[in-house]
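*Asks:* Data file run-v2.txt (compact mmCIF, C-alpha atoms) is appended below.
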# COMPACT_ATOMS: atom_id res chain seq x y z
CA MET T 28 1.64 -81.39 -176.76
CA LYS T 29 1.68 -80.03 -173.19
CA LEU T 30 3.01 -76.64 -174.31
CA THR T 31 0.50 -76.36 -177.14
CA LEU T 32 -2.44 -77.26 -174.89
CA GLY T 33 -1.49 -74.77 -172.18
CA GLU T 34 -1.06 -71.97 -174.68
CA LYS T 35 -4.35 -72.88 -176.35
CA ILE T 36 -6.30 -72.77 -173.08
CA LYS T 37 -4.83 -69.36 -172.24
CA GLU T 38 -5.54 -68.08 -175.76
CA LEU T 39 -9.17 -69.25 -175.60
CA ARG T 40 -9.66 -67.82 -172.11
CA LYS T 41 -8.41 -64.39 -173.21
CA ARG T 42 -10.43 -64.62 -176.42
CA ASP T 43 -13.61 -64.98 -174.37
CA SER T 44 -12.49 -62.44 -171.71
CA ARG T 45 -12.59 -65.07 -168.98
CA THR T 46 -10.42 -65.11 -165.86
CA GLN T 47 -8.67 -68.16 -164.46
CA ASP T 48 -11.14 -68.09 -161.56
CA GLU T 49 -14.12 -68.25 -163.92
CA LEU T 50 -12.71 -71.19 -165.86
CA ALA T 51 -11.80 -73.00 -162.63
CA TYR T 52 -15.32 -72.49 -161.24
CA ALA T 53 -16.91 -73.85 -164.41
CA LEU T 54 -14.69 -76.95 -164.39
CA GLY T 55 -14.93 -77.56 -160.63
CA ILE T 56 -11.19 -77.26 -160.02
CA THR T 57 -8.86 -74.71 -158.41
CA PRO T 58 -7.52 -71.57 -160.11
CA GLN T 59 -4.05 -72.82 -159.25
CA ALA T 60 -4.61 -75.80 -161.55
CA ILE T 61 -5.49 -73.47 -164.42
CA SER T 62 -2.37 -71.43 -163.72
CA ARG T 63 -0.20 -74.55 -163.82
CA TRP T 64 -1.68 -75.59 -167.19
CA GLU T 65 -1.07 -72.18 -168.73
CA ASN T 66 2.48 -72.02 -167.35
CA ASP T 67 3.27 -75.55 -168.56
CA GLY T 68 3.65 -76.91 -165.03
CA SER T 69 1.13 -79.66 -165.74
CA TYR T 70 -1.72 -80.47 -168.11
CA PRO T 71 -5.35 -81.51 -167.66
CA ASP T 72 -6.39 -85.10 -167.03
CA MET T 73 -7.92 -86.65 -170.12
CA GLU T 74 -11.37 -86.97 -168.52
CA ILE T 75 -11.64 -83.18 -168.15
CA ILE T 76 -10.66 -82.45 -171.76
CA PRO T 77 -14.26 -82.65 -173.13
CA ALA T 78 -15.46 -80.20 -170.46
CA ILE T 79 -12.75 -77.71 -171.42
CA ALA T 80 -13.63 -77.98 -175.11
CA ASN T 81 -17.34 -77.61 -174.31
CA TYR T 82 -16.67 -74.53 -172.15
CA PHE T 83 -15.01 -72.77 -175.06
CA ASN T 84 -17.55 -74.13 -177.57
CA ILE T 85 -14.92 -75.83 -179.72
CA SER T 86 -14.08 -79.40 -180.69
CA ILE T 87 -11.47 -81.46 -178.88
CA ASP T 88 -9.38 -81.42 -182.05
CA GLU T 89 -9.40 -77.63 -182.01
CA LEU T 90 -8.41 -77.61 -178.34
CA PHE T 91 -5.34 -79.66 -179.15
CA GLY T 92 -4.39 -77.34 -181.98
CA TYR T 93 -5.72 -79.43 -184.84
CA GLU T 94 -8.16 -76.76 -186.06
CA ASN T 95 -8.37 -76.66 -189.79
CA ASN T 96 -6.32 -74.31 -191.87
CA ARG T 97 -9.41 -72.37 -192.93
CA GLU T 98 -10.16 -71.13 -189.39
CA ARG T 99 -6.52 -70.26 -188.78
CA LYS T 100 -6.45 -68.13 -191.90
CA ILE T 101 -9.69 -66.34 -191.01
CA GLU T 102 -8.43 -65.62 -187.51
CA ALA T 103 -5.16 -64.27 -188.92
CA ILE T 104 -7.04 -61.90 -191.25
CA ILE T 105 -9.18 -60.52 -188.44
CA ARG T 106 -6.20 -60.22 -186.12
CA LYS T 107 -4.30 -58.25 -188.78
CA VAL T 108 -7.14 -55.73 -189.01
CA LYS T 109 -7.44 -55.48 -185.22
CA GLU T 110 -3.77 -54.57 -185.02
CA TYR T 111 -4.65 -51.23 -186.62
CA ASP T 112 -6.66 -50.43 -183.45
CA ILE T 113 -9.09 -48.33 -185.50
CA GLY T 114 -11.44 -47.69 -182.58
CA HIS T 115 -8.77 -45.60 -180.86
CA ARG T 116 -7.58 -43.65 -183.91
CA ASP T 117 -8.94 -40.35 -185.18
CA ASP T 118 -7.19 -40.47 -188.54
CA GLY T 119 -8.36 -42.36 -191.63
CA SER T 120 -4.99 -43.54 -192.90
CA TRP T 121 -5.93 -47.15 -192.19
CA VAL T 122 -9.17 -47.21 -194.19
CA GLU T 123 -8.09 -48.54 -197.58
CA GLU T 124 -5.60 -51.03 -196.14
CA CYS T 125 -8.03 -52.59 -193.65
CA ILE T 126 -10.88 -52.80 -196.16
CA SER T 127 -8.55 -54.34 -198.73
CA ILE T 128 -7.39 -56.98 -196.24
CA LEU T 129 -10.98 -57.98 -195.52
CA ARG T 130 -12.07 -57.97 -199.16
CA ASP T 131 -9.18 -60.29 -200.00
CA GLY T 132 -10.24 -62.52 -197.11
CA LEU T 133 -13.83 -62.67 -198.33
CA ALA T 134 -12.65 -63.49 -201.85
CA GLU T 135 -11.02 -66.58 -200.35
CA PHE T 136 -13.80 -67.32 -197.85
CA PRO T 137 -17.06 -65.97 -199.37
CA ASN T 138 -19.85 -64.99 -196.95
CA ASN T 139 -17.87 -65.93 -193.85
CA GLU T 140 -19.84 -64.36 -191.01
CA ARG T 141 -16.88 -63.26 -188.93
CA LEU T 142 -15.17 -61.60 -191.89
CA LEU T 143 -18.42 -59.92 -192.95
CA ILE T 144 -19.15 -58.42 -189.53
CA THR T 145 -15.53 -57.27 -189.22
CA LEU T 146 -15.85 -55.59 -192.62
CA ALA T 147 -19.17 -53.99 -191.58
CA ASP T 148 -17.62 -52.64 -188.39
CA THR T 149 -14.62 -51.34 -190.34
CA LEU T 150 -16.88 -49.62 -192.89
CA TRP T 151 -18.89 -48.06 -190.06
CA GLU T 152 -15.72 -46.58 -188.56
CA ALA T 153 -14.42 -45.57 -192.00
CA GLY T 154 -17.60 -43.64 -192.70
CA TRP T 155 -17.02 -41.46 -189.64
CA ARG T 156 -13.34 -40.88 -190.40
CA ARG T 157 -13.80 -40.01 -194.07
CA HIS T 158 -17.10 -38.14 -194.03
CA HIS T 159 -17.46 -37.19 -190.38
CA GLY T 160 -20.79 -36.87 -188.61
CA TRP T 161 -22.66 -34.00 -190.22
CA GLN T 162 -24.85 -32.78 -187.41
CA TYR T 163 -26.23 -29.47 -186.23
CA TYR T 164 -28.62 -27.94 -183.73
CA GLY T 165 -32.11 -27.31 -185.09
CA GLU T 166 -34.26 -24.29 -184.35
CA ASP T 167 -35.73 -26.20 -181.39
CA GLY T 168 -32.23 -26.50 -179.88
CA PHE T 169 -32.00 -30.27 -180.30
CA ILE T 170 -29.22 -31.99 -182.20
CA ARG T 171 -30.05 -33.22 -185.70
CA TYR T 172 -28.25 -35.24 -188.35
CA ASP T 173 -27.92 -34.29 -192.02
CA TYR T 174 -29.84 -37.34 -193.24
CA ASP T 175 -29.35 -36.77 -196.97
CA HIS T 176 -25.61 -36.33 -196.54
CA HIS T 177 -25.28 -39.51 -194.50
CA LYS T 178 -27.26 -41.58 -196.99
CA LYS T 179 -24.64 -40.69 -199.63
CA ASN T 180 -21.82 -42.07 -197.47
CA GLU T 181 -20.56 -44.99 -199.58
CA TYR T 182 -18.96 -46.73 -196.61
CA TRP T 183 -22.22 -46.74 -194.68
CA SER T 184 -24.25 -47.86 -197.68
CA GLU T 185 -22.19 -51.03 -197.97
CA CYS T 186 -22.12 -51.46 -194.19
CA HIS T 187 -25.92 -51.27 -194.14
CA LYS T 188 -26.30 -54.01 -196.76
CA ILE T 189 -23.89 -56.34 -194.96
CA CYS T 190 -25.59 -55.87 -191.57
CA GLU T 191 -29.08 -56.43 -192.99
CA TYR T 192 -27.85 -59.67 -194.59
CA LEU T 193 -26.27 -60.84 -191.33
CA VAL T 194 -29.34 -60.04 -189.22
CA GLU T 195 -31.40 -62.37 -191.39
CA ASN T 196 -28.81 -65.07 -192.09
CA ALA T 197 -26.14 -65.19 -189.37
CA LYS T 198 -25.93 -68.45 -187.43
CA ASP T 199 -23.58 -66.97 -184.83
CA ASN T 200 -25.64 -65.02 -182.28
CA SER T 201 -22.75 -62.68 -181.48
CA VAL T 202 -22.58 -61.70 -185.17
CA PHE T 203 -26.35 -61.13 -185.18
CA THR T 204 -26.22 -58.83 -182.14
CA GLU T 205 -23.22 -56.88 -183.43
CA ALA T 206 -24.98 -56.31 -186.76
CA ILE T 207 -27.98 -54.88 -184.93
CA SER T 208 -25.75 -52.69 -182.77
CA ILE T 209 -24.52 -51.07 -186.00
CA LEU T 210 -27.90 -50.88 -187.74
CA VAL T 211 -29.61 -49.02 -184.89
CA PRO T 212 -27.37 -45.89 -184.92
CA LEU T 213 -27.08 -46.15 -188.71
CA HIS T 214 -30.85 -45.80 -189.15
CA GLN T 215 -30.78 -43.01 -186.56
CA ILE T 216 -28.41 -40.88 -188.64
CA TYR T 217 -30.37 -41.82 -191.77
CA GLY T 218 -33.44 -40.22 -190.18
CA GLU T 219 -35.30 -43.54 -189.96
CA PRO T 220 -36.21 -43.86 -186.25
CA ASP T 221 -38.95 -46.46 -186.84
CA LYS T 222 -36.45 -48.86 -188.39
CA ALA T 223 -33.88 -48.11 -185.67
CA ILE T 224 -36.47 -48.83 -182.98
CA SER T 225 -37.61 -52.05 -184.64
CA TYR T 226 -34.05 -53.37 -184.68
CA ALA T 227 -33.40 -52.24 -181.11
CA LYS T 228 -36.47 -54.15 -179.94
CA ARG T 229 -34.97 -57.38 -181.26
CA MET T 230 -32.29 -57.14 -178.58
CA PRO T 231 -32.78 -58.33 -174.96
CA ARG T 232 -33.81 -55.95 -172.18
CA LEU T 233 -31.27 -54.76 -169.60
CA GLN T 234 -32.25 -57.48 -167.11
CA GLN T 235 -31.63 -60.09 -169.81
CA SER T 236 -28.16 -58.84 -170.72
CA GLN T 237 -25.14 -61.04 -170.20
CA GLU T 238 -23.62 -58.63 -167.68
CA PHE T 239 -26.75 -58.60 -165.50
CA LEU T 240 -27.50 -62.32 -165.70
CA LEU T 241 -23.94 -63.21 -164.71
CA THR T 242 -24.52 -61.47 -161.37
CA GLU T 243 -27.31 -64.00 -160.71
CA ALA T 244 -25.53 -67.04 -162.12
CA THR T 245 -23.10 -67.72 -159.28
CA ASP T 246 -22.37 -67.10 -155.63
CA GLY T 247 -19.29 -66.52 -153.50
CA LYS T 248 -16.27 -64.64 -154.84
CA LEU T 249 -17.23 -65.21 -158.47
CA SER T 250 -20.60 -63.56 -157.86
CA ALA T 251 -18.84 -60.62 -156.22
CA GLU T 252 -16.60 -60.32 -159.29
CA TYR T 253 -19.55 -60.27 -161.69
CA ILE T 254 -21.42 -57.73 -159.56
CA GLY T 255 -18.34 -55.50 -159.54
CA LYS T 256 -18.01 -55.74 -163.33
CA PHE T 257 -21.71 -54.98 -163.79
CA LEU T 258 -21.53 -51.90 -161.55
CA LEU T 259 -18.48 -50.52 -163.36
CA GLU T 260 -19.83 -51.18 -166.83
CA SER T 261 -23.17 -49.67 -165.80
CA ALA T 262 -21.37 -46.55 -164.53
CA ARG T 263 -19.53 -46.25 -167.82
CA GLN T 264 -22.61 -46.68 -169.99
CA PHE T 265 -24.68 -44.38 -167.78
CA SER T 266 -21.99 -41.68 -167.93
CA GLU T 267 -21.72 -41.90 -171.71
CA GLN T 268 -25.48 -41.59 -172.12
CA LEU T 269 -25.46 -38.67 -169.70
CA VAL T 270 -23.01 -36.86 -171.99
CA PHE T 271 -25.14 -37.65 -175.03
CA GLY T 272 -28.19 -36.42 -173.13
CA LEU T 273 -26.45 -33.12 -172.46
CA VAL T 274 -25.30 -32.54 -176.03
CA ALA T 275 -28.69 -33.53 -177.47
CA ASP T 276 -30.13 -30.15 -176.41
CA LYS T 277 -27.94 -27.07 -176.89
CA ARG T 278 -29.94 -25.16 -174.29
CA ASN T 279 -28.45 -27.40 -171.59
CA PHE T 280 -25.23 -25.42 -171.96
CA GLU T 281 -26.81 -22.08 -171.10
CA SER T 282 -26.14 -22.72 -167.40
CA ASP T 283 -23.61 -24.46 -165.15
CA MET T 284 -25.79 -27.59 -165.11
CA PRO T 285 -23.51 -29.68 -167.40
CA ILE T 286 -20.55 -29.03 -165.09
CA GLU T 287 -22.36 -30.57 -162.16
CA LYS T 288 -23.61 -33.49 -164.25
CA ILE T 289 -20.14 -34.38 -165.55
CA LYS T 290 -18.72 -34.12 -162.03
CA GLY T 291 -21.50 -36.44 -160.90
CA ALA T 292 -20.58 -38.97 -163.59
CA ILE T 293 -16.96 -38.90 -162.47
CA SER T 294 -18.04 -39.38 -158.86
CA LEU T 295 -19.69 -42.71 -159.78
CA PHE T 296 -16.25 -44.19 -160.42
CA SER T 297 -14.90 -42.70 -157.19
CA LEU T 298 -17.87 -44.26 -155.38
CA LEU T 299 -17.04 -47.71 -156.73
CA CYS T 300 -13.24 -47.38 -156.68
CA ASP T 301 -12.75 -45.31 -153.54
CA ASP T 302 -9.04 -46.08 -153.30
CA GLY T 303 -8.31 -44.40 -156.64
CA ASN T 304 -7.51 -47.64 -158.48
CA LEU T 305 -9.91 -47.46 -161.45
CA GLY T 306 -8.05 -49.96 -163.61
CA ILE T 307 -9.08 -49.74 -167.26
CA HIS T 308 -11.76 -47.19 -166.32
CA HIS T 309 -9.06 -44.52 -165.94
CA ASP T 310 -9.41 -44.44 -169.74
CA PHE T 311 -13.00 -43.21 -169.62
CA VAL T 312 -12.56 -40.89 -166.65
CA TYR T 313 -9.75 -38.93 -168.31
CA LYS T 314 -12.10 -38.32 -171.24
CA LEU T 315 -14.77 -37.01 -168.87
CA TYR T 316 -12.22 -34.61 -167.39
CA LEU T 317 -11.21 -33.39 -170.85
CA TYR T 318 -14.83 -32.58 -171.61
CA LEU T 319 -15.35 -31.01 -168.19
CA SER T 320 -12.45 -28.61 -168.82
CA ARG T 321 -14.08 -27.45 -172.05
CA ILE T 322 -17.39 -26.68 -170.33
CA GLN T 323 -15.71 -25.00 -167.35
CA TRP T 324 -13.75 -22.69 -169.62
CA GLU T 325 -16.84 -21.75 -171.58
CA ARG T 326 -18.71 -20.89 -168.38
CA GLY T 327 -15.84 -18.68 -167.19
CA TYR T 328 -14.20 -21.04 -164.68
CA HIS T 329 -10.79 -20.83 -166.28
CA ASP T 330 -8.73 -21.95 -163.28
CA ASP T 331 -11.02 -24.94 -162.76
CA ALA T 332 -10.59 -25.87 -166.42
CA PHE T 333 -6.85 -26.32 -165.95
CA VAL T 334 -7.41 -28.29 -162.75
CA SER T 335 -9.56 -30.66 -164.82
CA LEU T 336 -6.88 -30.86 -167.52
CA ASP T 337 -4.37 -31.93 -164.87
CA LYS T 338 -6.85 -34.51 -163.60
CA ALA T 339 -7.24 -35.82 -167.14
CA LEU T 340 -3.47 -36.15 -167.40
CA GLU T 341 -3.34 -37.95 -164.06
CA HIS T 342 -5.89 -40.55 -165.13
CA ALA T 343 -4.35 -40.95 -168.60
CA LYS T 344 -0.99 -41.71 -166.97
CA ALA T 345 -2.63 -44.22 -164.65
CA PHE T 346 -4.29 -45.92 -167.61
CA GLU T 347 -1.13 -45.99 -169.70
CA GLY T 348 0.72 -47.45 -166.72
CA LEU T 349 -1.51 -50.51 -166.85
CA PHE T 350 0.21 -51.62 -170.06
CA ASP T 351 3.13 -52.78 -167.92
CA GLU T 352 0.85 -55.55 -166.63
CA SER T 353 -0.81 -58.40 -168.51
CA GLU T 354 -3.71 -58.50 -166.06
CA HIS T 355 -4.88 -55.86 -163.59
CA GLN T 356 -6.98 -56.40 -160.47
CA LEU T 357 -9.03 -53.72 -158.75
CA THR T 358 -8.74 -53.28 -154.98
CA SER T 359 -11.71 -51.31 -153.60
CA PRO T 360 -14.18 -53.40 -151.53
CA LEU T 361 -17.09 -53.40 -154.00
CA VAL T 362 -14.88 -54.36 -156.95
CA ALA T 363 -12.02 -56.16 -155.22
CA PHE T 364 -12.44 -59.36 -157.25
CA VAL T 365 -12.61 -57.69 -160.66
CA LYS T 366 -9.72 -58.48 -163.00
CA TYR T 367 -9.11 -57.17 -166.50
CA ASP T 368 -6.84 -58.17 -169.33
CA VAL T 369 -5.11 -54.88 -170.09
CA GLY T 370 -4.84 -55.30 -173.87
CA GLU T 371 -2.33 -54.06 -176.39
CA ARG T 372 -0.09 -51.11 -175.51
CA ARG T 373 -1.04 -47.81 -177.09
CA GLU T 374 0.01 -44.20 -176.67
CA VAL T 375 -2.46 -42.31 -174.50
CA VAL T 376 -0.80 -39.43 -172.65
CA LYS T 377 0.90 -37.78 -175.61
CA ALA T 378 -2.35 -37.87 -177.58
CA LEU T 379 -4.32 -35.89 -174.98
CA PRO T 380 -4.02 -32.46 -176.69
CA GLU T 381 -5.38 -33.95 -179.92
CA GLU T 382 -8.21 -35.74 -178.08
CA TRP T 383 -9.37 -32.62 -176.21
CA PRO T 384 -12.24 -32.09 -175.53
CA TYR T 385 -13.17 -35.63 -176.71
CA TRP T 386 -16.91 -34.94 -177.26
CA SER T 387 -17.22 -32.20 -179.86
CA ASN T 388 -20.73 -30.86 -179.25
CA PRO T 389 -21.69 -28.08 -178.94
CA ASP T 390 -19.15 -26.40 -181.23
CA TYR T 391 -15.98 -25.76 -179.25
CA SER T 392 -14.00 -23.70 -181.79
CA ARG T 393 -14.31 -20.47 -179.77
CA VAL T 394 -13.33 -22.25 -176.56
CA LYS T 395 -10.35 -23.83 -178.30
CA SER T 396 -9.03 -20.53 -179.61
CA GLU T 397 -9.33 -18.99 -176.15
CA ILE T 398 -7.95 -21.79 -174.00
CA THR T 399 -5.00 -22.50 -176.29
CA ALA T 400 -4.05 -18.81 -176.15
CA ASP T 401 -3.66 -19.09 -172.38
CA SER T 402 -0.02 -19.69 -171.39
CA ARG T 403 -1.13 -22.52 -169.11
CA TRP T 404 -2.27 -24.52 -172.15
CA ASN T 405 1.27 -24.82 -173.52
CA GLU T 406 2.50 -25.72 -170.04
CA TRP T 407 -0.10 -28.50 -169.85
CA VAL T 408 0.72 -29.75 -173.35
CA ALA T 409 4.40 -29.88 -172.38
CA LYS T 410 3.51 -32.11 -169.41
CA THR T 411 1.76 -34.55 -171.76
CA GLN T 412 4.88 -34.87 -173.92
CA LEU T 413 7.32 -35.77 -171.15
I'd like the structure from this file rewritten - as structure tokens, please.
*Replies:*
Amino acid sequence: MKLTLGEKIKELRKRDSRTQDELAYALGITPQAISRWENDGSYPDMEIIPAIANYFNISIDELFGYENNRERKIEAIIRKVKEYDIGHRDDGSWVEECISILRDGLAEFPNNERLLITLADTLWEAGWRRHHGWQYYGEDGFIRYDYDHHKKNEYWSECHKICEYLVENAKDNSVFTEAISILVPLHQIYGEPDKAISYAKRMPRLQQSQEFLLTEATDGKLSAEYIGKFLLESARQFSEQLVFGLVADKRNFESDMPIEKIKGAISLFSLLCDDGNLGIHHDFVYKLYLYLSRIQWERGYHDDAFVSLDKALEHAKAFEGLFDESEHQLTSPLVAFVKYDVGERREVVKALPEEWPYWSNPDYSRVKSEITADSRWNEWVAKTQL
């Protein structure tokens, strides 16, 4: 029983992306006590068991491993699909298999919210892999979507129906919010901005987000941890929107302006992690460097482009190196209390040449033919394959 309980607590903590410090703070005990439970050195006193179950929003029976067979099966189905890691794959070889797994699951557990939202998310990804995003720059220079083409995407049609059903019927708030997060961009590429806006307005404002409110929920070291996480996630989201803002208007690329903007986005992470330890954010920064190299080459800064490619390789190696740890802690002053579960190992460095330049707009075919003809490209590719 002790072994099962310790494993269960650790499993639930990782499921909810909680650290040992967070759980300890909530229960009013020390992090060392949590560590002992999870390492089978001891187990919780019986009077604290209800508080643990309440923290993870489960029953005491579930905490002790007595959850019913139905939930175990549903979890196993979702876990099987997640093992395909579709969010980090550019190919569509997984599409039929993952969809089939979820359809079989729904045949056994009709209308299960978790299976439905997982299917919706899988269909959303499948639509991009199989039909790609048909987009172009209009006469005004702004990016546009081929609305009629997207409305014929059979994966997105089904995804749309599932998400609309879940928005109106889901009891789980996380399922509701995830359904909206799919419907908003879906209506955007359908050319239905009014619907996209109406769904977006059903979500909380930035100051009401979980990440922001957590910075105001505690004090001491835990508050410092939440502030650090908020700053890093804000930097990531800001940087991604900055890229989208650049590619939205083709005329932005008629000057060196995008080069300075991308460099500025990268500098945000250096500002927060001034010792070079970016943790899981090395993943995003290497992608920024890949894109920077593409823009630099196009603007004639060919030497700088290869400097950026080497920087991308450096950060990709740092990110891949994290997979040797189960948990990684940042070390710069502003983020010194931030810890991350690293996640499942995946190949990053060797995939760099296929990922380049990561964001595809504007069209980079000319740049690709030129940069790959440079002898330094093959030298860089060789370094990624070591």
*Asks:* Measure the distance from CA of Lys178 (chain T) to CA of Tyr217 (chain T) in Å and round it to one decimal.
*Replies:*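 Going from CA of Lys178 (chain T) over to CA of Tyr217 (chain T) covers 6.1 Å.
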*Asks:* Tell me, as a tab-separated table (two decimals) with C-alpha atoms, in the frame of the given file, which residues lie within 7 Å of region 390-401 of chain T, counting only C-alpha atoms; anything in the same chain fewer than 3 positions away does not count.
*Replies:*
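The resulting file, result_12.tsv, is reproduced below:
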chain	number	residue	atom	x	y	z
T	321	ARG	CA	-14.08	-27.45	-172.05
T	324	TRP	CA	-13.75	-22.69	-169.62
T	325	GLU	CA	-16.84	-21.75	-171.58
T	387	SER	CA	-17.22	-32.20	-179.86
T	404	TRP	CA	-2.27	-24.52	-172.15
*Asks:* Just to confirm, what's the straight-line distance from CA of Glu124 (chain T) to CA of Asn139 (chain T) in Å (one decimal)?
*Replies:* 19.4 Å
*Asks:* Would you mind telling me which residue in T:Ile79, T:Ile36, T:Leu273, T:Leu241 lies nearest to Gly55 (chain T) when using all atoms listed in the file?
*Replies:*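 Looking at the shortest contact to Gly55 (chain T), the residue is T:Ile79.
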*Asks:* What is the CA of Arg130 (chain T) to CA of Ala147 (chain T) distance in Å?
*Replies:* 11.1 Å
*Asks:* Find the residues around region 108-121 of chain T up to 7 Å (all atoms listed in the file counted), leave out those fewer than 4 positions away in its own chain, and share them as a list in words.
*Replies:*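 In the requested form, the answer reads Ile104, Cys125, Ala153, Arg156 and Arg157 of chain T.
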*Asks:* Go through T:Glu135, T:Glu123, T:Asp283, T:Asp368 and flag the residue nearest Gly327 (chain T), using all atoms listed in the file for the distances.
*Replies:*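 Of all the options, T:Asp283 lies closest to Gly327 (chain T).
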*Asks:* Just the residues within 10 Å of Leu50 (chain T), please, counting all atoms listed in the file, with nothing from its chain fewer than 6 positions along; format it as a PyMOL selection string.
*Replies:* chain T and resi 36+40+56-58+61+79+82-83
*Asks:* Closest to Lys248 (chain T) among T:Glu181, T:Asp48, T:Glu65, T:Asp199, using all atoms listed in the file?
*Replies:*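 Counting all atoms listed in the file, the residue closest to Lys248 (chain T) is T:Asp48.
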*Asks:* Find the residue from T:His308, T:Lys338, T:Arg372, T:Arg106 that sits nearest to Glu352 (chain T); use all atoms listed in the file when measuring.
*Replies:*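 Of all the options, T:Arg372 lies closest to Glu352 (chain T).
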*Asks:* Any idea what's packed within 8 Å of His342 (chain T), counting all atoms listed in the file, ignoring anything in its chain fewer than 2 positions away? Could you give it as a PyMOL selection string?
*Replies:* chain T and resi 309-310+312-313+338-340+344-346
*Asks:* Within 9 Å of (-26.5, -34.0, -171.2) (coordinates as in the file), grab all the protein and nucleic acid residues, counting only C-alpha atoms, and write them out as a list in words.
*Replies:*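 Collected hits near the coordinates: Gln268, Leu269, Val270, Phe271, Gly272, Leu273, Val274, Ala275, Asp276, Asn279, Phe280, Met284, Pro285, Lys288 and Ile289 of chain T.
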*Asks:* So that I can see what lies close to Cys186 (chain T), please list as a list in words the residues with an atom at most 8 Å from it, counting all atoms listed in the file and leaving out residues fewer than 4 positions away in the same chain.
*Replies:*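 My list of contacting residues is Leu146, Ala147, Asp148, Leu150, Trp151, Tyr182 and Cys190 of chain T.
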*Asks:* Which residue, T:Asp43, T:Tyr318, T:Phe169, T:Gly348, has the smallest gap to Ser201 (chain T) when you use only C-alpha atoms?
*Replies:*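 With only C-alpha atoms as the atom set, the closest residue is T:Asp43.
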*Asks:* Could you check which residues have any atom within 10 Å of (-6.4, -60.6, -166.8), counting only C-alpha atoms with coordinates taken straight from the file, and then list them as a list in words?
*Replies:*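 Looking at atoms near the point gives Arg40, Lys41, Ser44, Arg45, Thr46, Gln47, Glu352, Ser353, Glu354, His355, Gln356, Val365, Lys366, Tyr367, Asp368, Val369 and Gly370 of chain T.
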*Asks:* With distances taken over all atoms listed in the file, which of T:Glu185, T:Glu89, T:Arg373, T:Val362 is nearest to Ser250 (chain T)?
*Replies:*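 Counting all atoms listed in the file, the residue closest to Ser250 (chain T) is T:Val362.
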